[in-house]
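*Asks:* I have a structure here, written as structure tokens, and I will follow up with some questions on it.
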Amino acid sequence: MTEYVIIGDGISGSSAAETLREEDPESSITVITDEGEPLYNRILIKEHAKGKLPEAPISIHDEDWYDERNIDLSLNTHVTTIDTDEKVVRTHEKDDVPYDKLLIATGGTPTQLPVENSDAEGVHHFWTFQDARKIRESAEAADDAVIVGAGLLGIDFAAVCGSQGVDGKFLMRGDRWWRYALSADGAEIMHDGMRSVGVEPIFDSGVSEFEVDDDGRVEAAIGGDGNRYPCDFAGVAIGLTFNTEFLHDTDIEQDNGIVVDEYMQTNLEDVYAAGDLTQFYDVLLGEQAQNGSWGSAKEQGRVAGINMAADNEAEPFEWVSSYSITHFDFPFLSFGHPTLGDEHAERRYSDTEWRRIAFKDGKVVGGVLIGDLSAQSKLKQLMRQQRIVADQAEVLLEKRVDLDELAPSQDQ
């Protein structure tokens, strides 16, 4: 009987556990997580923090789900080390959990801002369900807020401020939000969206320190621009630090995450990884890549489970990810790898409609759609097909994309 051990019960770890049970009904499956509750929907926790959703719909699995599938779930359990020679996972309780095949799906922890008082009361990070509970409680009592971090996660704090009636200042180090994927034209639509919910973007700033009151609670942020921004609530979203500290005594290859091939296998036999922390070989790009979307993590877990259970033929991970934002009066969607392009094409259609497509070596590798998302399926199709189409960008920028208007593919 094969013994599978999965470290992490996010969507990738849970997806792998479910797949393994289907593929290998007689096996032993153990899931270890340091969280105190089973899988929940990380996408929906922002709606809870906004005050829009109670707790119940956010939970995906209860403990009975694992029992029904004969999966051993260990909550509140910290992995301290892995012995890949002996094939043993060691936990903080000094328990040894043997494995035949191992999946690492531990994700990351929000990176703390390296400034004074960044751990003060009222300074929040947004990642776990427990974070969302604290953010909701804090925002409900707040009048003024500061948000730090000009990326996809930071904008969730802006939505919380808007829903909870908190006046916010969004402090960004650069000249626009998500400047690696958006031009000034597209970013301005997002800035207007922030303003519409009472959050003012502040550019070329960031935070140099937080000020606290006598009780140690945040009361202001000092911006990189030297200005003082009073606040009784602060949200920090400057990226993730991957949870890989327990790998320090292993030979598992890492490079800002765990390096895996297209089958989710590490450089070590019988050790796999899935989810946010993977530097995976993207068969569409032809190079290593990283992606933190929910759908991508779920599919990586499924593919890892298939390949862990397989005796011979492996299934590659081939996926076009997407990330959507629905906080404003217009939708937003990014797909693929919009920051990796070597050339771009874009067009603005109205005050709230904009499209940008990223190409690399002439092929679509990602993009951003604001206001009108109707082109996403066709652009994703081109990305999967790996057609060279950069020289026909005008066709892809038409309001309604018609792939039949593209010249036939040539041998590439």
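Every chain in the structure tokens takes a letter, A first, then B, and so on in the order presented; its residues are numbered from 1, and the ligands are numbered from 1 following the presented order.
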Counting only C-alpha atoms, what is within 7 Å of segment 32-45 of chain A, bar same-chain residues fewer than 6 positions away, as number ranges by chain?
*Replies:* A: 6-11, 58-63, 73-78, 129, 132
*Asks:* Please identify all polymer residues within 7 Å of segment 167-174 of chain A, counting only C-alpha atoms, omitting same-chain residues fewer than 2 positions from it, and present them as a PyMOL selection string.
*Replies:* chain A and resi 143-150+161+165+176+198-206
*Asks:* Using DSSP on the backbone, list every residue of segment 12-81 of chain A that comes out as strand (DSSP E or B), and give them as an mmCIF file with N, CA and C atoms, in the first residue's frame.
*Replies:*
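File states_37.cif, as written:
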```cif
data_model
loop_
_atom_site.group_PDB
_atom_site.id
_atom_site.type_symbol
_atom_site.label_atom_id
_atom_site.label_comp_id
_atom_site.auth_asym_id
_atom_site.auth_seq_id
_atom_site.Cartn_x
_atom_site.Cartn_y
_atom_site.Cartn_z
ATOM 1 N N SER A 28 -2.757 4.946 1.513
ATOM 2 C CA SER A 28 -2.830 5.750 2.732
ATOM 3 C C SER A 28 -2.522 7.200 2.364
ATOM 4 N N ILE A 29 -3.394 8.139 2.763
ATOM 5 C CA ILE A 29 -3.205 9.562 2.449
ATOM 6 C C ILE A 29 -3.252 10.360 3.745
ATOM 7 N N THR A 30 -2.195 11.129 3.999
ATOM 8 C CA THR A 30 -2.137 12.006 5.164
ATOM 9 C C THR A 30 -1.963 13.441 4.697
ATOM 10 N N VAL A 31 -2.797 14.347 5.200
ATOM 11 C CA VAL A 31 -2.693 15.776 4.902
ATOM 12 C C VAL A 31 -2.320 16.500 6.192
ATOM 13 N N ILE A 32 -1.236 17.251 6.146
ATOM 14 C CA ILE A 32 -0.748 17.981 7.314
ATOM 15 C C ILE A 32 -0.858 19.474 7.041
ATOM 16 N N TYR A 40 -10.829 26.171 2.936
ATOM 17 C CA TYR A 40 -11.854 27.187 2.722
ATOM 18 C C TYR A 40 -11.504 27.956 1.460
ATOM 19 N N SER A 59 -16.410 28.096 3.860
ATOM 20 C CA SER A 59 -15.845 26.778 4.097
ATOM 21 C C SER A 59 -16.147 25.854 2.927
ATOM 22 N N ILE A 71 -9.048 9.940 4.497
ATOM 23 C CA ILE A 71 -7.862 10.797 4.449
ATOM 24 C C ILE A 71 -7.577 11.284 5.870
ATOM 25 N N ASP A 72 -6.367 11.076 6.338
ATOM 26 C CA ASP A 72 -5.983 11.476 7.686
ATOM 27 C C ASP A 72 -5.582 12.952 7.670
ATOM 28 N N LEU A 73 -6.374 13.805 8.294
ATOM 29 C CA LEU A 73 -6.123 15.249 8.327
ATOM 30 C C LEU A 73 -5.541 15.634 9.672
ATOM 31 N N SER A 74 -4.365 16.272 9.655
ATOM 32 C CA SER A 74 -3.727 16.750 10.883
ATOM 33 C C SER A 74 -3.724 18.271 10.876
ATOM 34 N N VAL A 79 5.278 21.311 10.348
ATOM 35 C CA VAL A 79 6.375 20.473 9.886
ATOM 36 C C VAL A 79 7.683 21.200 10.176
ATOM 37 N N THR A 80 8.608 20.507 10.808
ATOM 38 C CA THR A 80 9.883 21.128 11.163
ATOM 39 C C THR A 80 10.988 20.757 10.181
ATOM 40 N N THR A 81 11.042 19.490 9.767
ATOM 41 C CA THR A 81 12.058 19.052 8.811
ATOM 42 C C THR A 81 11.523 17.897 7.966
#
```
*Asks:* Residues within 8 Å of Pro331 of chain A, please, as a ChimeraX atom specification. Count only C-alpha atoms; anything in the same chain fewer than 4 positions from it doesn't count.
*Replies:* /A:324-327,370-373
*Asks:* Taking N, CA and C atoms for each residue, export the selection above as a PDB file, in the first residue's frame.
*Replies:*
```
ATOM      1  N   SER A 324      -9.404  37.529 -11.517  1.00  0.00           N
ATOM      2  CA  SER A 324     -10.429  38.549 -11.752  1.00  0.00           C
ATOM      3  C   SER A 324     -10.669  39.392 -10.514  1.00  0.00           C
ATOM      4  N   ILE A 325     -11.107  40.612 -10.749  1.00  0.00           N
ATOM      5  CA  ILE A 325     -11.471  41.557  -9.688  1.00  0.00           C
ATOM      6  C   ILE A 325     -12.852  42.110 -10.009  1.00  0.00           C
ATOM      7  N   THR A 326     -13.737  42.048  -9.018  1.00  0.00           N
ATOM      8  CA  THR A 326     -15.124  42.506  -9.248  1.00  0.00           C
ATOM      9  C   THR A 326     -15.530  43.544  -8.196  1.00  0.00           C
ATOM     10  N   HIS A 327     -14.574  44.302  -7.707  1.00  0.00           N
ATOM     11  CA  HIS A 327     -14.859  45.235  -6.621  1.00  0.00           C
ATOM     12  C   HIS A 327     -15.522  46.529  -7.097  1.00  0.00           C
ATOM     13  N   ILE A 370     -10.117  45.053 -19.083  1.00  0.00           N
ATOM     14  CA  ILE A 370     -10.891  45.866 -18.147  1.00  0.00           C
ATOM     15  C   ILE A 370     -12.207  46.261 -18.821  1.00  0.00           C
ATOM     16  N   GLY A 371     -13.298  46.081 -18.090  1.00  0.00           N
ATOM     17  CA  GLY A 371     -14.606  46.529 -18.565  1.00  0.00           C
ATOM     18  C   GLY A 371     -15.322  45.525 -19.433  1.00  0.00           C
ATOM     19  N   ASP A 372     -14.673  45.029 -20.443  1.00  0.00           N
ATOM     20  CA  ASP A 372     -15.257  44.061 -21.374  1.00  0.00           C
ATOM     21  C   ASP A 372     -14.347  42.832 -21.406  1.00  0.00           C
ATOM     22  N   LEU A 373     -14.844  41.722 -20.882  1.00  0.00           N
ATOM     23  CA  LEU A 373     -14.033  40.512 -20.778  1.00  0.00           C
ATOM     24  C   LEU A 373     -14.325  39.516 -21.896  1.00  0.00           C
TER      25      LEU A 373
END
```
*Asks:* Write out as a ChimeraX atom specification the set of residues from segment 165-350 of chain A that DSSP, computed on the backbone, places in helix (DSSP H, G or I).
*Replies:* /A:184-196,245-247,294-309
*Asks:* Just give me the gap between atom CA of Ala289 of chain A and atom CA of Ala237 of chain A in Å, one decimal is fine.
*Replies:*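 Atom-to-atom, atom CA of Ala289 of chain A to atom CA of Ala237 of chain A, that is 21.2 Å.
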*Asks:* Between A:Asp225, A:Glu219, A:Asp100, A:Glu245, which is the closest to Asp270 of chain A once you count only C-alpha atoms?
*Replies:*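 Among the listed residues, the smallest separation from Asp270 of chain A belongs to A:Asp100.
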*Asks:* What's the 10 Å shell around Thr84 of chain A, counting only C-alpha atoms, without same-chain residues fewer than 4 positions away, as a compact mmCIF listing (two decimals) with C-alpha atoms, in the first residue's frame?
*Replies:*
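Heads up, here's the output in out.txt:
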```
# COMPACT_ATOMS: atom_id res chain seq x y z
CA VAL A 88 10.10 10.88 6.79
CA VAL A 89 8.27 14.13 7.62
CA TYR A 99 5.93 8.56 3.12
CA LEU A 102 5.43 13.47 -0.83
CA LEU A 247 13.34 22.33 3.65
CA ASP A 249 18.28 20.37 5.33
CA THR A 250 17.15 18.94 1.99
CA ASP A 251 18.54 18.99 -1.54
CA ILE A 252 15.23 20.13 -3.03
CA LEU A 268 14.23 14.59 -6.05
CA GLU A 269 12.49 11.35 -6.87
CA ASP A 270 9.06 10.90 -5.19
CA VAL A 271 8.93 14.55 -4.03
```
*Asks:* Please identify all polymer residues within 7 Å of segment 290-301 of chain A, counting only C-alpha atoms, omitting same-chain residues fewer than 4 positions from it, and present them as a list in words.
*Replies:*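 These residues fall inside the cut-off: Ile11, Ser12, Gly13, Ser15, Ala16, Ala274, Gly275, Asp276, Thr278, Gln279, Phe280, Gly305, Phe317, Trp319, Ser321, Ser322 and Tyr323 of chain A.
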*Asks:* Those residues you just picked out, can you put them in a file as a JSON list (two decimals), in the first residue's frame with N, CA, C and O atoms?
*Replies:*
```
[["chain", "number", "residue", "atom", "x", "y", "z"],
["A", 11, "ILE", "N", -5.97, 24.83, -1.68],
["A", 11, "ILE", "CA", -6.68, 24.21, -2.80],
["A", 11, "ILE", "C", -5.79, 23.23, -3.56],
["A", 11, "ILE", "O", -6.27, 22.20, -4.05],
["A", 12, "SER", "N", -4.49, 23.48, -3.64],
["A", 12, "SER", "CA", -3.62, 22.54, -4.36],
["A", 12, "SER", "C", -3.45, 21.24, -3.59],
["A", 12, "SER", "O", -3.55, 20.14, -4.16],
["A", 13, "GLY", "N", -3.20, 21.33, -2.28],
["A", 13, "GLY", "CA", -3.05, 20.12, -1.47],
["A", 13, "GLY", "C", -4.32, 19.31, -1.41],
["A", 13, "GLY", "O", -4.31, 18.08, -1.53],
["A", 15, "SER", "N", -6.83, 19.36, -3.58],
["A", 15, "SER", "CA", -7.10, 18.82, -4.91],
["A", 15, "SER", "C", -6.27, 17.56, -5.16],
["A", 15, "SER", "O", -6.75, 16.57, -5.72],
["A", 16, "ALA", "N", -5.02, 17.59, -4.71],
["A", 16, "ALA", "CA", -4.16, 16.42, -4.86],
["A", 16, "ALA", "C", -4.67, 15.24, -4.04],
["A", 16, "ALA", "O", -4.68, 14.10, -4.51],
["A", 274, "ALA", "N", 3.22, 21.77, -5.46],
["A", 274, "ALA", "CA", 2.12, 22.37, -6.21],
["A", 274, "ALA", "C", 1.67, 23.66, -5.52],
["A", 274, "ALA", "O", 1.84, 23.82, -4.32],
["A", 275, "GLY", "N", 1.09, 24.56, -6.32],
["A", 275, "GLY", "CA", 0.53, 25.78, -5.78],
["A", 275, "GLY", "C", 1.42, 26.99, -5.93],
["A", 275, "GLY", "O", 2.35, 27.02, -6.74],
["A", 276, "ASP", "N", 1.14, 28.00, -5.10],
["A", 276, "ASP", "CA", 1.80, 29.30, -5.20],
["A", 276, "ASP", "C", 3.32, 29.21, -5.21],
["A", 276, "ASP", "O", 4.00, 30.01, -5.86],
["A", 278, "THR", "N", 5.45, 27.13, -6.36],
["A", 278, "THR", "CA", 6.19, 26.42, -7.41],
["A", 278, "THR", "C", 6.76, 27.37, -8.46],
["A", 278, "THR", "O", 6.09, 28.31, -8.90],
["A", 279, "GLN", "N", 7.98, 27.08, -8.85],
["A", 279, "GLN", "CA", 8.55, 27.61, -10.08],
["A", 279, "GLN", "C", 8.42, 26.46, -11.07],
["A", 279, "GLN", "O", 9.27, 25.57, -11.12],
["A", 280, "PHE", "N", 7.32, 26.44, -11.82],
["A", 280, "PHE", "CA", 7.02, 25.28, -12.66],
["A", 280, "PHE", "C", 7.45, 25.51, -14.10],
["A", 280, "PHE", "O", 7.55, 26.66, -14.56],
["A", 305, "GLY", "N", -1.33, 14.93, -8.21],
["A", 305, "GLY", "CA", -1.95, 13.71, -7.73],
["A", 305, "GLY", "C", -1.96, 12.62, -8.78],
["A", 305, "GLY", "O", -1.65, 11.45, -8.50],
["A", 317, "PHE", "N", 1.37, 19.58, -16.75],
["A", 317, "PHE", "CA", 0.54, 20.72, -16.34],
["A", 317, "PHE", "C", 0.54, 21.73, -17.49],
["A", 317, "PHE", "O", 1.58, 22.29, -17.84],
["A", 319, "TRP", "N", -1.81, 25.00, -18.55],
["A", 319, "TRP", "CA", -2.91, 25.78, -18.00],
["A", 319, "TRP", "C", -2.71, 27.26, -18.33],
["A", 319, "TRP", "O", -1.60, 27.77, -18.24],
["A", 321, "SER", "N", -3.83, 30.55, -16.76],
["A", 321, "SER", "CA", -4.45, 31.04, -15.52],
["A", 321, "SER", "C", -5.19, 32.35, -15.77],
["A", 321, "SER", "O", -4.99, 33.04, -16.78],
["A", 322, "SER", "N", -6.04, 32.69, -14.84],
["A", 322, "SER", "CA", -6.69, 34.01, -14.88],
["A", 322, "SER", "C", -6.96, 34.48, -13.45],
["A", 322, "SER", "O", -7.07, 33.67, -12.53],
["A", 323, "TYR", "N", -7.06, 35.79, -13.30],
["A", 323, "TYR", "CA", -7.31, 36.41, -11.99],
["A", 323, "TYR", "C", -8.29, 37.55, -12.22],
["A", 323, "TYR", "O", -8.04, 38.43, -13.06]]
```
*Asks:* Do a neighbour search on Ala314 of chain A at 8 Å with only C-alpha atoms, toss out local chain neighbours closer than 6 positions, and write the hits as number ranges by chain.
*Replies:* A: 263, 306-307
*Asks:* Please produce a file of the residues just selected, as a compact mmCIF listing (two decimals), in the first residue's frame, where the atoms kept are all heavy atoms.
*Replies:*
```
# COMPACT_ATOMS: atom_id res chain seq x y z
N TYR A 263 5.55 18.08 -14.70
CA TYR A 263 4.77 17.04 -14.04
C TYR A 263 4.64 17.30 -12.54
O TYR A 263 4.18 16.46 -11.79
CB TYR A 263 5.41 15.67 -14.30
CG TYR A 263 5.65 15.40 -15.76
CD1 TYR A 263 6.94 15.33 -16.28
CD2 TYR A 263 4.58 15.26 -16.64
CE1 TYR A 263 7.15 15.11 -17.63
CE2 TYR A 263 4.78 15.03 -18.00
CZ TYR A 263 6.08 14.97 -18.48
OH TYR A 263 6.27 14.75 -19.83
N ILE A 306 -2.29 12.99 -10.02
CA ILE A 306 -2.27 12.03 -11.13
C ILE A 306 -0.89 11.41 -11.27
O ILE A 306 -0.73 10.18 -11.40
CB ILE A 306 -2.67 12.72 -12.45
CG1 ILE A 306 -4.16 13.10 -12.43
CG2 ILE A 306 -2.33 11.86 -13.66
CD1 ILE A 306 -5.11 11.96 -12.70
N ASN A 307 0.14 12.25 -11.25
CA ASN A 307 1.49 11.78 -11.51
C ASN A 307 2.10 11.04 -10.32
O ASN A 307 2.93 10.14 -10.51
CB ASN A 307 2.38 12.94 -11.95
CG ASN A 307 1.94 13.52 -13.29
OD1 ASN A 307 1.41 12.80 -14.13
ND2 ASN A 307 2.15 14.81 -13.48
```
*Asks:* Could you pull the residues within 9 Å of Ile357 of chain A, counting only C-alpha atoms, minus those fewer than 5 positions along the same chain, as a PyMOL selection string?
*Replies:* chain A and resi 338+341+343-346+364-369+379+393+396-397
*Asks:* Write out the residues from the selection above, keeping C-alpha atoms, as a short mmCIF file (atom, residue, chain, number, x, y, z; two decimals), in the first residue's frame.
*Replies:*
```cif
data_model
loop_
_atom_site.label_atom_id
_atom_site.label_comp_id
_atom_site.auth_asym_id
_atom_site.auth_seq_id
_atom_site.Cartn_x
_atom_site.Cartn_y
_atom_site.Cartn_z
CA PRO A 338 1.02 39.65 -18.62
CA GLY A 341 5.88 40.03 -22.65
CA GLU A 343 6.06 43.54 -26.78
CA HIS A 344 2.52 44.71 -26.13
CA ALA A 345 -0.56 45.95 -27.93
CA GLU A 346 -3.34 47.88 -26.23
CA VAL A 364 0.30 35.61 -26.86
CA VAL A 365 1.61 34.98 -23.33
CA GLY A 366 -0.91 36.98 -21.30
CA GLY A 367 -2.99 40.10 -21.08
CA VAL A 368 -5.32 42.33 -19.10
CA LEU A 369 -8.96 43.09 -19.87
CA LEU A 379 -7.04 35.15 -26.42
CA ALA A 393 -2.37 42.64 -33.16
CA LEU A 396 -6.93 41.07 -31.57
CA LEU A 397 -7.72 44.63 -30.51
#
```
*Asks:* Pick the closest to Arg355 of chain A from A:Ala187, A:Leu284, A:Leu152, A:Ala141: which is it, counting only C-alpha atoms?
*Replies:*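 Closest to Arg355 of chain A of all the choices is A:Ala187.
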*Asks:* I'd like the interatomic distance between atom CA of Ser138 of chain A and atom CA of Asp156 of chain A, to a tenth of an Å.
*Replies:*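 Spanning atom CA of Ser138 of chain A to atom CA of Asp156 of chain A is a straight-line distance of 14.8 Å.
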*Asks:* Let me make sure I understand: among A:Tyr281, A:Gly224, A:Ala309, A:Gly235, which one has the smallest atom-to-atom distance to Thr19 of chain A if we use only C-alpha atoms?
*Replies:* A:Ala309
*Asks:* Which residue gives the smallest distance to Gly107 of chain A among A:Leu240, A:Met308, A:Ile388, A:Val212, with only C-alpha atoms counted?
*Replies:*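 Ranking A:Leu240, A:Met308, A:Ile388, A:Val212 by distance to Gly107 of chain A, first place goes to A:Leu240.
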*Asks:* If I take atom CA of Asp391 of chain A and atom CA of Lys378 of chain A, how far is one from the other in Å, to one decimal?
*Replies:*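 Here the two named atoms are 16.8 Å from each other.
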